[in-house]
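Working notes, structure below.
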Amino acid sequence: MHPERDLTRLLAGMRPELHPGRYVFTTVAGPAPAGLAPVVTVAEREGLTMVVRLEDADAASLAYDYVAGWITLRVHSALDAVGLTAAVAGALADAGMSCNVVAGYHHDHLFVEHARADEALAVLEALARRV
């Protein structure tokens, strides 16, 4: 399957999926603690940022201050596609929601406020229907 670049097809084919559970952003000075399975890692000068299940962060005594829901856009988006992130973030911003986007090789992943994750999913589904 070839990655999609056309914005209209990307938006219409998003098929957003809300993963069960609560996820948090946390950071450590060195490598990820043994036994921890982050769903996202980002190496920054200040430390290793990780997105992990809230329960895993608590078990490892990791600090966090933002609890998120994880939504995957199931369309296979090309890494050089233009406009998908802006359209999705814009629709969520219009609804008063923040959105932290992480691009994977095959899909884009959105982390939104957990308390509003179902609402964010509905916003994205409505956006897909509008195009």
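In the structure tokens, chains take letters A, B, ... by order of appearance, with residues numbered from 1 within each chain and ligands from 1 in the order shown.
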When DSSP is applied to the backbone of this structure, which of range 1-130 of chain A are assigned strand (DSSP E)? Write them out as a ChimeraX atom specification. /A:17-18,23-28,40-44,47-53,67-73,100-103,108-113
Need to verify the contact set: Ala59 in chain A, 12 Å, only C-alpha atoms, exclusion of same-chain residues closer than 5 positions in sequence. Can you return it as a ChimeraX atom specification? /A:33-36,52-54
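You will find CA of His109 in chain A at 6.9 Å from CA of Trp70 in chain A.
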Interatomic distance between CA of Val67 in chain A and CA of Ala126 in chain A?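 Pair CA of Val67 in chain A / CA of Ala126 in chain A returns 24.1 Å.
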Residues near range 92-100 of chain A, cut-off 6 Å, only C-alpha atoms, skip fewer than 6 positions along chain, as a ChimeraX atom specification: /A:110-112
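Of the residues listed (A:Ala122, A:Val51, A:Leu10, A:Met1), A:Val51 shows the shortest atom-to-atom separation from Asp65 in chain A; distances use only C-alpha atoms.
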Any chance you could list, as a list in words, the residues in range 22-88 of chain A that come up alpha helix (DSSP H) when DSSP is run on the backbone?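 Restricting range 22-88 of chain A to alpha helix (DSSP H) produces Leu54, Glu55, Asp56, Ala57, Asp58, Ala59, Leu84, Thr85, Ala86, Ala87 and Val88 of chain A.
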Emit the selected residues as a PDB file, in the first residue's frame, including N, CA, C and O atoms.
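Contents of again.pdb, as written:
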ATOM      1  N   LEU A  54      -0.498   5.583  31.789  1.00  0.00           N
ATOM      2  CA  LEU A  54      -0.481   6.234  33.100  1.00  0.00           C
ATOM      3  C   LEU A  54      -0.115   5.231  34.194  1.00  0.00           C
ATOM      4  O   LEU A  54       0.696   5.536  35.070  1.00  0.00           O
ATOM      5  N   GLU A  55      -0.672   4.043  34.130  1.00  0.00           N
ATOM      6  CA  GLU A  55      -0.402   3.040  35.159  1.00  0.00           C
ATOM      7  C   GLU A  55       1.077   2.651  35.184  1.00  0.00           C
ATOM      8  O   GLU A  55       1.649   2.407  36.245  1.00  0.00           O
ATOM      9  N   ASP A  56       1.700   2.592  34.012  1.00  0.00           N
ATOM     10  CA  ASP A  56       3.121   2.255  33.931  1.00  0.00           C
ATOM     11  C   ASP A  56       3.981   3.377  34.515  1.00  0.00           C
ATOM     12  O   ASP A  56       4.977   3.116  35.191  1.00  0.00           O
ATOM     13  N   ALA A  57       3.595   4.626  34.240  1.00  0.00           N
ATOM     14  CA  ALA A  57       4.331   5.766  34.809  1.00  0.00           C
ATOM     15  C   ALA A  57       4.231   5.754  36.328  1.00  0.00           C
ATOM     16  O   ALA A  57       5.227   5.978  37.025  1.00  0.00           O
ATOM     17  N   ASP A  58       3.032   5.498  36.836  1.00  0.00           N
ATOM     18  CA  ASP A  58       2.848   5.438  38.297  1.00  0.00           C
ATOM     19  C   ASP A  58       3.683   4.309  38.898  1.00  0.00           C
ATOM     20  O   ASP A  58       4.345   4.496  39.922  1.00  0.00           O
ATOM     21  N   ALA A  59       3.691   3.145  38.259  1.00  0.00           N
ATOM     22  CA  ALA A  59       4.443   1.996  38.782  1.00  0.00           C
ATOM     23  C   ALA A  59       5.942   2.273  38.801  1.00  0.00           C
ATOM     24  O   ALA A  59       6.655   1.788  39.674  1.00  0.00           O
ATOM     25  N   LEU A  84      -2.267  17.797   6.514  1.00  0.00           N
ATOM     26  CA  LEU A  84      -3.051  16.937   7.401  1.00  0.00           C
ATOM     27  C   LEU A  84      -2.949  17.396   8.853  1.00  0.00           C
ATOM     28  O   LEU A  84      -3.965  17.566   9.535  1.00  0.00           O
ATOM     29  N   THR A  85      -1.746  17.595   9.340  1.00  0.00           N
ATOM     30  CA  THR A  85      -1.567  18.026  10.723  1.00  0.00           C
ATOM     31  C   THR A  85      -2.268  19.353  10.983  1.00  0.00           C
ATOM     32  O   THR A  85      -2.960  19.511  11.995  1.00  0.00           O
ATOM     33  N   ALA A  86      -2.133  20.291  10.049  1.00  0.00           N
ATOM     34  CA  ALA A  86      -2.764  21.603  10.213  1.00  0.00           C
ATOM     35  C   ALA A  86      -4.285  21.488  10.241  1.00  0.00           C
ATOM     36  O   ALA A  86      -4.952  22.117  11.071  1.00  0.00           O
ATOM     37  N   ALA A  87      -4.855  20.673   9.355  1.00  0.00           N
ATOM     38  CA  ALA A  87      -6.312  20.523   9.295  1.00  0.00           C
ATOM     39  C   ALA A  87      -6.852  19.880  10.564  1.00  0.00           C
ATOM     40  O   ALA A  87      -7.854  20.327  11.128  1.00  0.00           O
ATOM     41  N   VAL A  88      -6.196  18.841  11.024  1.00  0.00           N
ATOM     42  CA  VAL A  88      -6.639  18.126  12.218  1.00  0.00           C
ATOM     43  C   VAL A  88      -6.479  19.013  13.456  1.00  0.00           C
ATOM     44  O   VAL A  88      -7.406  19.151  14.261  1.00  0.00           O
TER      45      VAL A  88
END
Near-Glu113 in chain A list (7 Å; only C-alpha atoms; drop same-chain fewer than 2 positions) as a list of chain:residue names: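 Listing them by chain and then by number gives A:Val67, A:Ala68, A:Gly69, A:Phe111, A:Ala115, A:Arg116, A:Ala117.
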With a distance cut-off of 10 Å and only C-alpha atoms, select the neighbouring residues of Glu4 in chain A, excluding the residue or stretch itself and same-chain residues fewer than 5 positions from it, and output the selection as an mmCIF file with N, CA, C and O atoms, in the first residue's frame.
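In the end it all went to out-v8.cif:
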data_model
loop_
_atom_site.group_PDB
_atom_site.id
_atom_site.type_symbol
_atom_site.label_atom_id
_atom_site.label_comp_id
_atom_site.auth_asym_id
_atom_site.auth_seq_id
_atom_site.Cartn_x
_atom_site.Cartn_y
_atom_site.Cartn_z
ATOM 1 N N ARG A 9 -8.155 13.194 0.241
ATOM 2 C CA ARG A 9 -8.229 11.753 0.496
ATOM 3 C C ARG A 9 -7.714 11.412 1.895
ATOM 4 O O ARG A 9 -8.235 10.509 2.554
ATOM 5 N N LEU A 10 -6.691 12.139 2.360
ATOM 6 C CA LEU A 10 -6.189 11.914 3.718
ATOM 7 C C LEU A 10 -7.277 12.185 4.752
ATOM 8 O O LEU A 10 -7.501 11.384 5.663
ATOM 9 N N GLY A 13 -10.250 9.750 4.542
ATOM 10 C CA GLY A 13 -9.889 8.385 4.926
ATOM 11 C C GLY A 13 -9.221 8.256 6.273
ATOM 12 O O GLY A 13 -8.630 7.214 6.566
ATOM 13 N N VAL A 75 -5.400 6.288 8.283
ATOM 14 C CA VAL A 75 -4.981 6.472 6.891
ATOM 15 C C VAL A 75 -3.453 6.380 6.840
ATOM 16 O O VAL A 75 -2.767 6.838 7.754
ATOM 17 N N HIS A 76 -2.925 5.749 5.791
ATOM 18 C CA HIS A 76 -1.460 5.653 5.638
ATOM 19 C C HIS A 76 -0.978 6.952 4.987
ATOM 20 O O HIS A 76 -0.969 7.088 3.775
ATOM 21 N N SER A 77 -0.575 7.887 5.822
ATOM 22 C CA SER A 77 -0.164 9.212 5.352
ATOM 23 C C SER A 77 1.320 9.229 4.996
ATOM 24 O O SER A 77 2.139 8.667 5.713
ATOM 25 N N ALA A 78 1.621 9.871 3.874
ATOM 26 C CA ALA A 78 3.011 10.050 3.473
ATOM 27 C C ALA A 78 3.668 11.049 4.420
ATOM 28 O O ALA A 78 3.039 12.015 4.856
ATOM 29 N N LEU A 79 4.914 10.825 4.717
ATOM 30 C CA LEU A 79 5.625 11.739 5.616
ATOM 31 C C LEU A 79 5.786 13.130 5.010
ATOM 32 O O LEU A 79 5.935 14.108 5.740
ATOM 33 N N ASP A 80 5.722 13.235 3.675
ATOM 34 C CA ASP A 80 5.844 14.547 3.030
ATOM 35 C C ASP A 80 4.488 15.114 2.603
ATOM 36 O O ASP A 80 4.424 16.101 1.877
ATOM 37 N N ALA A 81 3.394 14.524 3.077
ATOM 38 C CA ALA A 81 2.066 15.062 2.788
ATOM 39 C C ALA A 81 1.922 16.428 3.444
ATOM 40 O O ALA A 81 2.441 16.661 4.541
ATOM 41 N N HIS A 106 3.781 4.940 9.281
ATOM 42 C CA HIS A 106 2.536 4.637 8.576
ATOM 43 C C HIS A 106 1.382 5.566 8.935
ATOM 44 O O HIS A 106 0.526 5.819 8.086
#
Once you count only C-alpha atoms, what closest atom pair and distance in Å to one decimal does each residue of range 93-131 of chain A within 8 Å of range 16-24 of chain A have, with rows by chain and rising residue number, as a tab-separated table?
residue	atom	partner	partner_atom	distance
A:His114	CA	A:Arg22	CA	6.6
A:Ala117	CA	A:Leu18	CA	7.6
A:Asp118	CA	A:Leu18	CA	7.7
A:Leu121	CA	A:Pro16	CA	6.7
A:Leu124	CA	A:Pro16	CA	6.9
A:Glu125	CA	A:Pro16	CA	6.9
For the selection you just gave me, I'd like the residues written to a file as a PDB file, in the first residue's frame, keeping all heavy atoms.
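The result, stored in out_16.pdb:
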ATOM      1  N   HIS A 114      -7.348  13.636  27.935  1.00  0.00           N
ATOM      2  CA  HIS A 114      -8.096  12.395  28.128  1.00  0.00           C
ATOM      3  C   HIS A 114      -9.571  12.644  28.403  1.00  0.00           C
ATOM      4  O   HIS A 114     -10.437  11.942  27.868  1.00  0.00           O
ATOM      5  CB  HIS A 114      -7.479  11.551  29.247  1.00  0.00           C
ATOM      6  CG  HIS A 114      -8.171  10.250  29.419  1.00  0.00           C
ATOM      7  ND1 HIS A 114      -9.183  10.062  30.330  1.00  0.00           N
ATOM      8  CD2 HIS A 114      -8.016   9.072  28.766  1.00  0.00           C
ATOM      9  CE1 HIS A 114      -9.622   8.823  30.235  1.00  0.00           C
ATOM     10  NE2 HIS A 114      -8.933   8.197  29.308  1.00  0.00           N
ATOM     11  N   ALA A 117     -11.330  13.104  25.091  1.00  0.00           N
ATOM     12  CA  ALA A 117     -10.910  12.238  23.990  1.00  0.00           C
ATOM     13  C   ALA A 117     -12.085  11.782  23.123  1.00  0.00           C
ATOM     14  O   ALA A 117     -11.975  11.770  21.888  1.00  0.00           O
ATOM     15  CB  ALA A 117     -10.136  11.036  24.524  1.00  0.00           C
ATOM     16  N   ASP A 118     -13.202  11.426  23.721  1.00  0.00           N
ATOM     17  CA  ASP A 118     -14.364  11.020  22.933  1.00  0.00           C
ATOM     18  C   ASP A 118     -14.868  12.182  22.089  1.00  0.00           C
ATOM     19  O   ASP A 118     -15.253  12.002  20.927  1.00  0.00           O
ATOM     20  CB  ASP A 118     -15.480  10.503  23.840  1.00  0.00           C
ATOM     21  CG  ASP A 118     -15.168   9.142  24.446  1.00  0.00           C
ATOM     22  OD1 ASP A 118     -14.516   8.325  23.763  1.00  0.00           O
ATOM     23  OD2 ASP A 118     -15.555   8.906  25.602  1.00  0.00           O
ATOM     24  N   LEU A 121     -12.540  12.643  19.152  1.00  0.00           N
ATOM     25  CA  LEU A 121     -12.836  11.625  18.149  1.00  0.00           C
ATOM     26  C   LEU A 121     -14.034  12.045  17.304  1.00  0.00           C
ATOM     27  O   LEU A 121     -14.008  11.932  16.070  1.00  0.00           O
ATOM     28  CB  LEU A 121     -13.093  10.281  18.829  1.00  0.00           C
ATOM     29  CG  LEU A 121     -13.269   9.074  17.924  1.00  0.00           C
ATOM     30  CD1 LEU A 121     -11.987   8.773  17.157  1.00  0.00           C
ATOM     31  CD2 LEU A 121     -13.682   7.867  18.742  1.00  0.00           C
ATOM     32  N   LEU A 124     -13.049  14.755  14.821  1.00  0.00           N
ATOM     33  CA  LEU A 124     -12.300  14.208  13.689  1.00  0.00           C
ATOM     34  C   LEU A 124     -13.196  13.439  12.737  1.00  0.00           C
ATOM     35  O   LEU A 124     -13.032  13.531  11.506  1.00  0.00           O
ATOM     36  CB  LEU A 124     -11.162  13.323  14.203  1.00  0.00           C
ATOM     37  CG  LEU A 124     -10.115  14.039  15.030  1.00  0.00           C
ATOM     38  CD1 LEU A 124      -9.157  13.035  15.671  1.00  0.00           C
ATOM     39  CD2 LEU A 124      -9.356  15.065  14.197  1.00  0.00           C
ATOM     40  N   GLU A 125     -14.133  12.683  13.269  1.00  0.00           N
ATOM     41  CA  GLU A 125     -15.067  11.952  12.415  1.00  0.00           C
ATOM     42  C   GLU A 125     -15.932  12.925  11.613  1.00  0.00           C
ATOM     43  O   GLU A 125     -16.187  12.696  10.425  1.00  0.00           O
ATOM     44  CB  GLU A 125     -15.927  11.016  13.254  1.00  0.00           C
ATOM     45  CG  GLU A 125     -15.136   9.845  13.806  1.00  0.00           C
ATOM     46  CD  GLU A 125     -15.876   9.037  14.854  1.00  0.00           C
ATOM     47  OE1 GLU A 125     -16.852   9.542  15.462  1.00  0.00           O
ATOM     48  OE2 GLU A 125     -15.457   7.873  15.082  1.00  0.00           O
TER      49      GLU A 125
END
Which one of A:Ala120, A:Ile71, A:Val40, A:Ala128 sits closest to Leu7 in chain A if you count only C-alpha atoms?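 Closest residue, counting only C-alpha atoms: A:Ala128.
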Can you work out the spacing between CA of Ala43 in chain A and CA of Thr72 in chain A in Å, to one decimal?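 Interatomic distance, CA of Ala43 in chain A to CA of Thr72 in chain A: 21.6 Å.
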Which is closest to Tyr64 in chain A among A:Leu11, A:Met50, A:Ala29, A:Val39, if we use only C-alpha atoms? A:Met50
